[in-house]
Amino acid sequence: MSDDNTLFPVPARLLDPAQCPEPYVKSYEQYKEMHRESIENPDQFFGKLATELLSWSKPFHTVRHGDFEHGNIAWFLEGELNASYNCVDRHALADPNKVAIIYEADEPNQSENITYGELLRKVCQLAGVLRAHGIRKGDTVAIYMPMIPEAMVAFLACARIGALHSVIFAGFSSEALRDRVQDASCRLVLTSDQGKRGGKTVETKKIVDEALKACPSVETVIVCQRTGADVPMKEGRDFWWSDEVSKRCNYLTPETMHAEDPLFLLYTSGSTGSPKGVLHTTAGYLLGAAATVKYVFDYHPGDIFACMADVGWITGHSYIVYGPLALGATTVLFESIPTYPTPARYWELIAKHKVTQFYTAPTAIRALRRLGDDWVKGHDLSSLRVLGTVGEPINPEAWHWYNDNVGKGRCAIVDTYWQTETGSHIVTPLPGAIATKPGSATVPFFGIDIAILDPVTGKELVGNNVTGVLAVKKSWPSVARSVYNNHQRYMETYLKPYPGYYFTGDGATRDKDGYIWIRGRVDDVINVSGHRLSTAEIESALIMHHSVAETAVIGAADDVTGQCIHAFICLKPGVSNHSTDLSKELILQVRKVIGPFAAPKKIYLVEDLPKTRSGKLMRRILRKIIAGESDSLGDISTLADPSVVEVLIAKVAKS
Ligand code: 6R9
């Protein structure tokens with residue numbers, strides 16, 4: 001195994017009360033003890049946490065019910081609460097002038113603060129609009145909006161009246177939007193005239209109009225004005241947001257919701273089939289989001305929390321909207337991209353707003369690393385305490401770059417492993433307690449009883465130094481309860497593959513110290529001559545080469561070895577891609593870092609890789625191209641740039 005086992009201790013600064021607020025968990029022993037308690041005594045542990053972090057209009061008596069065998073998970077059964085009350089009212093009542101949202105607009109000079117008092121009025125008004133248009137508890141509302149404060153208001157207005165929101169990332173095509181609106185039979189769509197991103201204009205309303213040609217369930221569209229562009233409005237269906245809210249009261253009583261009433265659905269793609277509407281319920285989800293903001297980001301009152309994800313993904317749901325607001329935090333909503341107007345944008349944002357927790361994806365870190373260290377220099381990043389990553393394994397090169405250049409060695413790095421379905425982090429370090437290893441998501445969060453299973457027999461692999469598939473033995477509050485309108489698919493995808501367990505779909509190793517290393521989706525595991533390799537491991541080796549900016553490694557069928565490795569490589573700017581010596585060097589690099597058996601059989605030097613808009617590599621597409629199945633690539637509309645595919649097909653054909 002080529003994992004770097006060097007332990008990076010908790011930076012001393014975080015444990016020095018003169019420099020930082022006292023972390024909630026201060027030592028590995030304390031983490032161990034709390035984790036043990038959360039597993040052995042979940043009723044007590046989560047009962048206490050749910051009372052401490054959430055406000056209930058009616059208390060619960062039963063903490064936990066159901067199991068993974070029956071797929072009938074329920075938490076805090078008799079309890080009643082409203083998510084919008086928890087995220088807005090209680091903080092607005094305590095301190096209406098506290099800033100809830102820092103909106104960092106696409107153009108840096110246009111940022112704006114929204115207080116909890118203002119947020120409450122906006123949420124109530126929009127909730128009134130939804131009601132006036134006939135939306136009731138249990139209805140589904142689609143949100144297709146750019147990263148503007150009204151998008152967050154939209155989430156909370158739905159939650160206030162008990163309507164389920166289905167947020168569709170505003171980069172999705174009209175067809176993808178149509179499929180999702182149809183699947184959930186949404187009655188109303190919240191959208192905007194246009195969007196702004198990286199200086200470019202996005203035709204949001206046009207895309208909605210196109211999608212709605214085939215969505216008979218939609219009766220109403222409420223259009224927020226982001227740019228003020230002259231967009232067509234359909235009589236009787238489309239209404240301006242500003243006109244509508246101006247008619248509504250500034251206060252609307254929140255609907256009483258049961259703990260297990262659905263809060264939202266969010267579509268996510270699996271390896272096969274149409275996207276699934278993952279369903280989350282009110283109390284458990286909210287508790288998971290709030291508890292991880294508290295413990296994983298070590299959130300303290302006064303902190304400025306900045307998650308760079310889009311609200312269209314689960315990371316935005318949990319760590320821009322629900323988690324921070326549930327704790328009454330100030331949360332940053334970033335409309336732009338890391339390179340607009342320059343690659344210093346993130347660092348300017350941190351310095352400008354004195355951000356304390358910063359959360360982004362390895363793909364962004366790699367992209368910025370590729371552009372050089374100079375962009376980070378000269379910005380005051382001293383407010384930072386915790387730097388998070390999410391979405392994919394972080395290769396040690398990127399981890400070190402983040403730690404050295406952004407964190408200056410004085411911040412905690414939290415590599416948070418979780419999924420749309422888990423609702424909140426499930427394997428992650430805690431800033432004041434867990435020494436980190438670059439590339440390892442480290443240890444299970446509270447309530448997560450992790451298991452590594454033999455993929456074939458399903459038997460649990462106990463002890464350390466084991467590799468298998470990652471599963472969870474017992475339910476935790478924020479695990480998804482169902483797939484919208486398709487509970488059978490929920491059972492089949494997550495609970496039936498290994499009966500009694502929640503199956504993550506990821507491979508993982510527990511190393512000699514009990515640390516968890518995520519190996520990528522199990523469909524990305526490559527087996528070469530019986531050696532099990534993770535694509536991430538090989539990619540990590542390749543990216544250590546000074547010429548390499550980004551890589552994607554896949555397994556291809558091989559007559560002799562079962563599978564062999566093909567590596568797609570994007571070079572850093574200015575590196576010539578015509579050299580055959582470079583391919584040799586790269587193969588040597590992998591041989592050196594992992595071993596001869598891991599050496600790629602083929603290297604393709606390419607300009608770009610197929611990625612989703614959230615930055616995930618679509619290895620499935622590369623596998624198909626290599627397998628000569630370019631005519632059955634499936635849906636490529638979710639790619640950030642679908643034209644990449646043609647270029648790759650030509651490249652592979654020529655080689
Ligand atoms: C939150 C989110 C989930 C999949 C997951 C895994 C990968 C996420 C990771 C990670 C390694 C991490 N993943 N975080 N892999 N280390 N820290 O990304 O949700 O979009 O549903 O993706 O992403 O493969 O199964 P989602």
# chains A, B, ... in the order shown; residues from 1 in each chain; ligands from 1
$ closest_atom_pairs --of "region 238-297 of chain A" --to "region 359-368 of chain A" --cutoff "12 Å" --atoms "only C-alpha atoms" --output "Markdown table"
| residue | atom | partner | partner_atom | distance |
| --- | --- | --- | --- | --- |
| A:Val293 | CA | A:Tyr359 | CA | 11.1 |
| A:Val296 | CA | A:Tyr359 | CA | 11.2 |
| A:Phe297 | CA | A:Tyr359 | CA | 9.3 |
$ residues_around --residues "Val575 (chain A)" --least-positions-apart "4" --cutoff "10 Å" --atoms "only C-alpha atoms" --output "ChimeraX atom specification"
/A:546-548,570-571,579,582
$ select_by_dssp --residues "region 394-612 of chain A" --states "strand (DSSP E or B)" --output "VMD selection string"
chain A and resid 412 to 417 427 436 442 444 450 to 453 460 466 to 472 482 to 483 502 to 510 516 to 521 525 to 528 531 to 534 548 to 558 562 to 571 602 to 606 611 to 612
$ residues_near_ligand --ligand "ligand 1" --cutoff "7 Å" --atoms "only C-alpha atoms and all ligand atoms" --output "mmCIF file with N, CA and C atoms, in the first residue's frame"
data_model
loop_
_atom_site.group_PDB
_atom_site.id
_atom_site.type_symbol
_atom_site.label_atom_id
_atom_site.label_comp_id
_atom_site.auth_asym_id
_atom_site.auth_seq_id
_atom_site.Cartn_x
_atom_site.Cartn_y
_atom_site.Cartn_z
ATOM 1 N N THR A 268 -29.897 12.371 -7.443
ATOM 2 C CA THR A 268 -28.489 12.025 -7.559
ATOM 3 C C THR A 268 -28.375 10.859 -8.522
ATOM 4 N N TRP A 313 -26.394 21.066 -4.954
ATOM 5 C CA TRP A 313 -25.872 19.759 -4.539
ATOM 6 C C TRP A 313 -26.083 19.573 -3.043
ATOM 7 N N ILE A 314 -25.920 18.364 -2.566
ATOM 8 C CA ILE A 314 -26.160 18.111 -1.140
ATOM 9 C C ILE A 314 -25.212 18.955 -0.273
ATOM 10 N N THR A 315 -24.003 19.183 -0.743
ATOM 11 C CA THR A 315 -23.059 19.963 0.065
ATOM 12 C C THR A 315 -23.612 21.367 0.320
ATOM 13 N N THR A 389 -12.473 19.649 2.761
ATOM 14 C CA THR A 389 -12.614 19.181 1.379
ATOM 15 C C THR A 389 -13.710 18.122 1.331
ATOM 16 N N VAL A 390 -14.292 17.970 0.158
ATOM 17 C CA VAL A 390 -15.414 17.050 -0.017
ATOM 18 C C VAL A 390 -15.582 16.674 -1.484
ATOM 19 N N GLY A 391 -16.117 15.493 -1.705
ATOM 20 C CA GLY A 391 -16.561 15.120 -3.049
ATOM 21 C C GLY A 391 -15.788 13.998 -3.679
ATOM 22 N N GLU A 392 -14.542 13.875 -3.322
ATOM 23 C CA GLU A 392 -13.687 12.846 -3.904
ATOM 24 C C GLU A 392 -12.475 12.739 -2.988
ATOM 25 N N PRO A 393 -11.730 11.654 -3.132
ATOM 26 C CA PRO A 393 -10.540 11.571 -2.292
ATOM 27 C C PRO A 393 -9.594 12.706 -2.665
ATOM 28 N N ILE A 394 -8.943 13.272 -1.677
ATOM 29 C CA ILE A 394 -7.964 14.321 -1.997
ATOM 30 C C ILE A 394 -6.590 13.663 -2.090
ATOM 31 N N ASP A 415 -10.901 16.322 5.709
ATOM 32 C CA ASP A 415 -11.300 15.629 4.483
ATOM 33 C C ASP A 415 -12.579 14.873 4.839
ATOM 34 N N THR A 416 -13.714 15.428 4.426
ATOM 35 C CA THR A 416 -15.007 14.917 4.889
ATOM 36 C C THR A 416 -15.595 13.959 3.864
ATOM 37 N N TYR A 417 -15.795 12.740 4.271
ATOM 38 C CA TYR A 417 -16.408 11.754 3.383
ATOM 39 C C TYR A 417 -17.890 11.609 3.719
ATOM 40 N N TRP A 418 -18.731 11.734 2.711
ATOM 41 C CA TRP A 418 -20.172 11.538 2.883
ATOM 42 C C TRP A 418 -20.827 11.517 1.526
ATOM 43 N N GLN A 419 -22.143 11.437 1.480
ATOM 44 C CA GLN A 419 -22.883 11.297 0.226
ATOM 45 C C GLN A 419 -24.222 12.028 0.319
ATOM 46 N N THR A 420 -24.838 12.232 -0.832
ATOM 47 C CA THR A 420 -26.201 12.776 -0.857
ATOM 48 C C THR A 420 -27.078 11.965 0.107
ATOM 49 N N GLU A 421 -26.899 10.678 0.088
ATOM 50 C CA GLU A 421 -27.750 9.777 0.870
ATOM 51 C C GLU A 421 -27.451 9.815 2.369
ATOM 52 N N ALA A 441 -9.773 10.060 5.055
ATOM 53 C CA ALA A 441 -10.894 10.788 5.691
ATOM 54 C C ALA A 441 -10.927 10.479 7.192
ATOM 55 N N THR A 504 -22.521 1.884 0.969
ATOM 56 C CA THR A 504 -22.171 3.203 0.426
ATOM 57 C C THR A 504 -21.861 3.178 -1.066
ATOM 58 N N GLY A 505 -21.434 2.012 -1.566
ATOM 59 C CA GLY A 505 -20.984 1.976 -2.961
ATOM 60 C C GLY A 505 -19.516 2.332 -3.122
ATOM 61 N N ASP A 506 -18.859 2.621 -2.012
ATOM 62 C CA ASP A 506 -17.435 2.959 -2.072
ATOM 63 C C ASP A 506 -16.589 1.836 -1.474
ATOM 64 N N ILE A 518 -10.797 6.171 1.721
ATOM 65 C CA ILE A 518 -11.820 5.890 0.716
ATOM 66 C C ILE A 518 -11.113 5.595 -0.609
ATOM 67 N N ARG A 519 -11.478 4.474 -1.209
ATOM 68 C CA ARG A 519 -10.791 4.058 -2.438
ATOM 69 C C ARG A 519 -11.570 4.400 -3.697
ATOM 70 N N GLY A 520 -12.643 5.117 -3.572
ATOM 71 C CA GLY A 520 -13.449 5.431 -4.759
ATOM 72 C C GLY A 520 -14.592 4.441 -4.893
ATOM 73 N N ARG A 521 -15.473 4.729 -5.816
ATOM 74 C CA ARG A 521 -16.627 3.862 -6.035
ATOM 75 C C ARG A 521 -16.161 2.459 -6.367
#
$ closest_atom_pairs --of "region 66-90 of chain A" --to "region 153-164 of chain A" --cutoff "8 Å" --atoms "only C-alpha atoms" --output "Markdown table"
| residue | atom | partner | partner_atom | distance |
| --- | --- | --- | --- | --- |
| A:Asn82 | CA | A:Arg160 | CA | 6.6 |
| A:Ala83 | CA | A:Ala159 | CA | 6.0 |
| A:Ser84 | CA | A:Arg160 | CA | 5.1 |
| A:Tyr85 | CA | A:Arg160 | CA | 7.2 |
$ select_by_dssp --residues "region 36-231 of chain A" --states "helix (DSSP H, G or I)" --output "PyMOL selection string"
chain A and resi 36-40+42-53+83-94+108-110+116-132+149-161+174-183+204-212
$ closest_residue --among "A:Phe46, A:Lys584, A:Gly71, A:Asp449" --to "Pro499 (chain A)" --atoms "only C-alpha atoms"
A:Gly71
$ residues_around --residues "Pro11 (chain A)" --least-positions-apart "5" --cutoff "7 Å" --atoms "only C-alpha atoms" --output "ChimeraX atom specification"
/A:410-412
